[in-house]
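Structure file start_3.txt; described as compact mmCIF, C-alpha atoms.
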# COMPACT_ATOMS: atom_id res chain seq x y z
CA PRO A 1 22.34 6.46 27.97
CA PHE A 2 19.56 3.93 28.42
CA ARG A 3 18.17 5.21 31.73
CA LEU A 4 15.06 6.60 30.06
CA PHE A 5 14.58 3.57 27.82
CA PRO A 6 16.22 0.80 29.89
CA GLN A 7 14.54 -1.91 27.82
CA TYR A 8 16.86 -0.96 24.93
CA ARG A 9 20.11 -1.12 26.92
CA GLN A 10 20.98 -4.58 25.65
CA TYR A 11 20.72 -3.56 22.01
CA GLY A 12 23.56 -1.08 21.91
CA SER A 13 23.42 1.88 19.58
CA ILE A 14 24.44 3.20 16.21
CA HIS A 15 27.94 4.54 15.88
CA ALA A 16 28.99 6.96 13.18
CA ASP A 17 31.90 4.70 12.22
CA ASN A 18 29.82 1.85 10.74
CA LYS A 19 31.36 0.55 7.52
CA LYS A 20 28.22 -0.91 5.94
CA GLN A 21 24.87 0.38 7.02
CA LEU A 22 21.39 -1.04 7.35
CA MET A 23 18.30 0.86 6.21
CA ILE A 24 14.69 0.33 7.25
CA VAL A 25 11.83 1.49 5.03
CA GLY A 26 8.37 1.68 6.58
CA ASN A 27 6.77 -0.34 9.34
CA SER A 28 3.97 -2.36 7.69
CA ALA A 29 2.40 -3.45 4.41
CA SER A 30 0.04 -0.49 4.35
CA LEU A 31 -0.57 1.79 1.38
CA THR A 32 -0.24 4.73 3.77
CA GLY A 33 3.47 3.96 4.06
CA ASN A 34 4.02 5.22 0.50
CA HIS A 35 6.69 2.58 -0.09
CA ILE A 36 6.56 2.87 -3.87
CA THR A 37 7.43 6.58 -3.72
CA ILE A 38 10.28 5.87 -1.32
CA PHE A 39 11.60 2.99 -3.43
CA SER A 40 11.53 5.28 -6.47
CA LEU A 41 13.53 7.96 -4.64
CA LEU A 42 16.03 5.41 -3.31
CA SER A 43 16.51 3.76 -6.70
CA LYS A 44 18.05 7.00 -7.97
CA LEU A 45 20.68 7.10 -5.21
CA ASP A 46 24.02 5.40 -4.70
CA LEU A 47 23.25 2.90 -1.95
CA SER A 48 26.59 1.11 -2.03
CA ASN A 49 27.21 2.00 1.64
CA PHE A 50 24.15 -0.03 2.65
CA SER A 51 24.35 -3.76 3.21
CA GLN A 52 20.57 -4.21 3.46
CA ILE A 53 17.33 -2.38 2.80
CA VAL A 54 14.85 -3.93 5.21
CA THR A 55 11.12 -3.41 4.77
CA PRO A 56 8.72 -4.74 7.45
CA LEU A 57 5.74 -6.29 5.64
CA SER A 58 4.58 -8.81 8.23
CA TYR A 59 1.22 -7.17 8.74
CA GLY A 60 -1.15 -5.13 6.66
CA ASN A 61 -2.29 -5.86 3.12
CA ALA A 62 -0.89 -9.21 1.91
CA LYS A 63 -1.33 -8.35 -1.79
CA TYR A 64 0.48 -5.05 -1.31
CA ALA A 65 3.24 -6.85 0.64
CA SER A 66 3.72 -9.27 -2.24
CA HIS A 67 3.91 -6.39 -4.72
CA LEU A 68 6.46 -4.55 -2.55
CA LYS A 69 8.54 -7.70 -2.20
CA ASP A 70 8.71 -8.06 -5.98
CA LEU A 71 9.34 -4.36 -6.58
CA GLY A 72 12.02 -4.10 -3.88
CA THR A 73 13.81 -7.17 -5.20
CA SER A 74 13.73 -5.86 -8.78
CA LEU A 75 15.07 -2.44 -7.74
CA PHE A 76 17.61 -3.38 -5.07
CA GLY A 77 18.43 -7.03 -5.72
CA VAL A 78 19.95 -9.05 -2.90
CA LYS A 79 20.18 -5.96 -0.67
CA PHE A 80 16.40 -5.93 -0.32
CA LYS A 81 15.17 -7.88 2.72
CA PRO A 82 11.39 -7.94 3.15
CA LEU A 83 10.26 -8.97 6.63
CA LEU A 84 7.30 -11.17 5.78
CA HIS A 85 6.86 -12.81 9.18
CA PHE A 86 6.59 -11.35 12.65
CA MET A 87 9.85 -11.23 14.57
CA PRO A 88 10.10 -11.54 18.32
CA ILE A 89 10.21 -8.03 19.74
CA LYS A 90 13.78 -8.46 21.02
CA GLU A 91 14.96 -9.40 17.52
CA TYR A 92 13.12 -6.43 16.04
CA TYR A 93 14.76 -4.04 18.51
CA GLN A 94 18.10 -5.61 17.65
CA LEU A 95 17.39 -4.85 14.00
CA LEU A 96 16.46 -1.25 14.83
CA SER A 97 19.67 -0.90 16.83
CA LYS A 98 21.68 -1.81 13.72
CA SER A 99 19.83 0.59 11.42
CA SER A 100 21.58 3.82 10.53
CA VAL A 101 18.68 5.11 8.41
CA CYS A 102 14.93 4.68 8.90
CA ILE A 103 12.47 6.06 6.36
CA TYR A 104 8.74 6.43 7.04
CA GLY A 105 6.61 7.78 4.19
CA ASN A 106 3.36 8.10 6.11
CA ASN A 107 1.24 11.24 5.71
CA ARG A 108 -0.21 10.81 9.18
CA GLN A 109 1.04 9.82 12.62
CA GLU A 110 1.97 6.16 12.30
CA ALA A 111 4.91 4.08 13.50
CA VAL A 112 5.45 6.45 16.45
CA GLY A 113 6.98 3.73 18.64
CA ASN A 114 9.32 2.62 15.86
CA ILE A 115 10.34 6.21 15.18
CA LEU A 116 11.07 6.97 18.83
CA VAL A 117 13.15 3.81 19.22
CA ALA A 118 15.01 4.52 15.97
CA LEU A 119 15.79 8.07 17.09
CA PHE A 120 16.95 6.90 20.49
CA MET A 121 19.11 4.18 18.91
CA GLY A 122 20.81 6.80 16.76
CA ALA A 123 19.24 6.31 13.34
CA LYS A 124 18.86 9.10 10.82
CA VAL A 125 15.08 9.29 10.45
CA PHE A 126 13.33 10.59 7.34
CA LEU A 127 9.63 11.55 7.46
CA LYS A 128 7.19 13.12 5.04
CA GLU A 129 7.04 16.83 5.71
CA SER A 130 3.23 16.60 5.67
CA ASN A 131 3.34 14.16 8.58
CA PRO A 132 2.56 16.07 11.82
CA LEU A 133 5.33 14.10 13.54
CA TYR A 134 7.93 15.80 11.36
CA LEU A 135 7.04 19.29 12.61
CA TYR A 136 6.54 18.02 16.15
CA TYR A 137 10.01 16.48 16.33
CA LYS A 138 11.59 19.50 14.64
CA SER A 139 9.90 21.82 17.17
CA MET A 140 11.52 19.75 19.91
CA GLY A 141 14.94 20.21 18.31
CA ILE A 142 15.28 16.59 17.25
CA ASN A 143 17.41 15.86 14.20
CA VAL A 144 14.90 14.46 11.69
CA TYR A 145 14.87 14.86 7.94
CA LYS A 146 12.29 15.36 5.18
CA LEU A 147 11.80 12.77 2.47
CA SER A 148 12.75 15.51 0.02
CA GLU A 149 16.19 15.43 1.66
CA LEU A 150 16.81 11.87 0.49
CA ASN A 151 19.96 12.47 -1.49
CA SER A 152 23.60 11.44 -1.51
CA GLU A 153 23.85 12.48 2.16
CA ILE A 154 21.69 9.50 3.11
CA ALA A 155 24.89 7.50 3.60
CA THR A 156 26.19 10.01 6.14
CA PRO A 157 25.02 8.77 9.54
CA LEU A 158 24.23 11.09 12.41
CA SER A 159 27.26 12.24 14.33
CA ARG A 160 27.73 11.13 17.93
CA GLU A 161 26.81 14.68 18.97
CA GLU A 162 23.55 14.56 17.00
CA ILE A 163 22.70 11.16 18.45
CA GLU A 164 23.31 12.37 22.00
CA ALA A 165 21.33 15.57 21.37
CA ASN A 166 18.37 13.49 20.18
CA ARG A 167 18.66 11.22 23.21
CA LEU A 168 18.84 14.14 25.61
CA THR A 169 15.73 15.71 24.10
CA LEU A 170 13.87 12.40 24.22
CA ARG A 171 14.91 11.83 27.83
CA CYS A 172 13.70 15.31 28.81
CA ARG A 173 10.44 15.04 26.87
CA TYR A 174 9.58 11.50 27.92
CA SER A 175 11.03 11.34 31.44
CA LYS A 176 8.88 9.88 34.19
CA THR A 177 8.82 13.28 35.92
CA LYS A 178 7.68 15.03 32.73
CA LEU A 179 4.95 12.48 32.08
CA ILE A 180 3.66 12.74 35.65
CA SER A 181 3.59 16.54 35.40
CA LEU A 182 1.42 16.28 32.29
CA ILE A 183 -1.28 14.24 34.03
CA LEU A 184 -1.38 16.17 37.33
Spit out the file's structure as structure tokens when you get a sec.
Amino acid sequence: PFRLFPQYRQYGSIHADNKKQLMIVGNSASLTGNHITIFSLLSKLDLSNFSQIVTPLSYGNAKYASHLKDLGTSLFGVKFKPLLHFMPIKEYYQLLSKSSVCIYGNNRQEAVGNILVALFMGAKVFLKESNPLYLYYKSMGINVYKLSELNSEIATPLSREEIEANRLTLRCRYSKTKLISLIL
């Protein structure tokens, strides 16, 4: 399954039979990530199936990162894991490969690389409906979800069939042949 994205082969993939799940919220300490809104939505849900809620805060606004660290800790306790320092890229991909849910609250196209990797790795990805990426991925037939769909089903990972369907679509859309045909 890693022919299109061979650099991710070593990281494995999400399987629908995970007992405890890992969640990623956002990709940076930027106000455009709308973390506070997401944290508020998540705080109303049963997150007992999640072992960690990881929030990358290693770049962006340091004051905002500090605020998010405090807020996340107060809302989610020991489950909240802010990433305050840069990780080597291999470690970050390893983290993405273990994530069953990734939530990006951006109104605009941001975190595209993270989102593509998360989708390929089998994560259930939630985006703001106002984000053009949401409609773009939906138009491709990719299984992505709206932030308004953050509910008790958050703990239900994508099925193997949904993961493979996402991968097939990504392989077709981003294949070397496809990319060459776009520039010729």
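Interatomic distance, CA of Gly77 in chain A to CA of Leu57 in chain A: 17.0 Å.
In this model, the gap between CA of Leu47 in chain A and CA of Leu170 in chain A comes to 29.4 Å.
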Handout entry: Distance query range 131-134 of chain A at most 9 Å, only C-alpha atoms, self and fewer than 2 positions along chain excluded, as a list in words
Key = Gly105, Asn106, Asn107, Arg108, Gln109, Glu110, Val112, Phe126, Leu127, Lys128, Glu129, Tyr136, Tyr137, Lys138, Ser139, Val144, Tyr145 and Lys146 of chain A
Those residues with C-alpha atoms, as a PDB file, in the coordinates of the input please?
ATOM      1  CA  GLY A 105       6.610   7.780   4.190  1.00  0.00           C
ATOM      2  CA  ASN A 106       3.360   8.100   6.110  1.00  0.00           C
ATOM      3  CA  ASN A 107       1.240  11.240   5.710  1.00  0.00           C
ATOM      4  CA  ARG A 108      -0.210  10.810   9.180  1.00  0.00           C
ATOM      5  CA  GLN A 109       1.040   9.820  12.620  1.00  0.00           C
ATOM      6  CA  GLU A 110       1.970   6.160  12.300  1.00  0.00           C
ATOM      7  CA  VAL A 112       5.450   6.450  16.450  1.00  0.00           C
ATOM      8  CA  PHE A 126      13.330  10.590   7.340  1.00  0.00           C
ATOM      9  CA  LEU A 127       9.630  11.550   7.460  1.00  0.00           C
ATOM     10  CA  LYS A 128       7.190  13.120   5.040  1.00  0.00           C
ATOM     11  CA  GLU A 129       7.040  16.830   5.710  1.00  0.00           C
ATOM     12  CA  TYR A 136       6.540  18.020  16.150  1.00  0.00           C
ATOM     13  CA  TYR A 137      10.010  16.480  16.330  1.00  0.00           C
ATOM     14  CA  LYS A 138      11.590  19.500  14.640  1.00  0.00           C
ATOM     15  CA  SER A 139       9.900  21.820  17.170  1.00  0.00           C
ATOM     16  CA  VAL A 144      14.900  14.460  11.690  1.00  0.00           C
ATOM     17  CA  TYR A 145      14.870  14.860   7.940  1.00  0.00           C
ATOM     18  CA  LYS A 146      12.290  15.360   5.180  1.00  0.00           C
TER      19      LYS A 146
END
Which residues of range 19-136 of chain A come within 8 Å of range 160-165 of chain A, and what is each one's closest atom pair and distance in Å (one decimal), counting all atoms listed in the file, sorted by chain and residue number, as a Markdown table?
| residue | atom | partner | partner_atom | distance |
| --- | --- | --- | --- | --- |
| A:Leu119 | CA | A:Ile163 | CA | 7.7 |
| A:Phe120 | CA | A:Ile163 | CA | 7.4 |
| A:Met121 | CA | A:Ile163 | CA | 7.9 |
| A:Gly122 | CA | A:Ile163 | CA | 5.0 |
| A:Ala123 | CA | A:Ile163 | CA | 7.8 |
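The spacing separating CA of Leu42 in chain A from CA of Thr156 in chain A amounts to 14.6 Å.
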Exercise for the section: Using only C-alpha atoms, find the one residue out of A:Tyr174, A:Tyr104, A:Phe50, A:Phe39 that sits nearest to Leu68 in chain A. Expected result: A:Phe39
Please give the centre and size of the box around range 76-85 of chain A (axis-aligned, containing every atom listed in the file, 5 Å added per side), with values in Å to one decimal and written as lines of an AutoDock Vina configuration file.
center_x = 13.5
center_y = -8.1
center_z = 1.7
size_x = 23.3
size_y = 19.4
size_z = 24.9
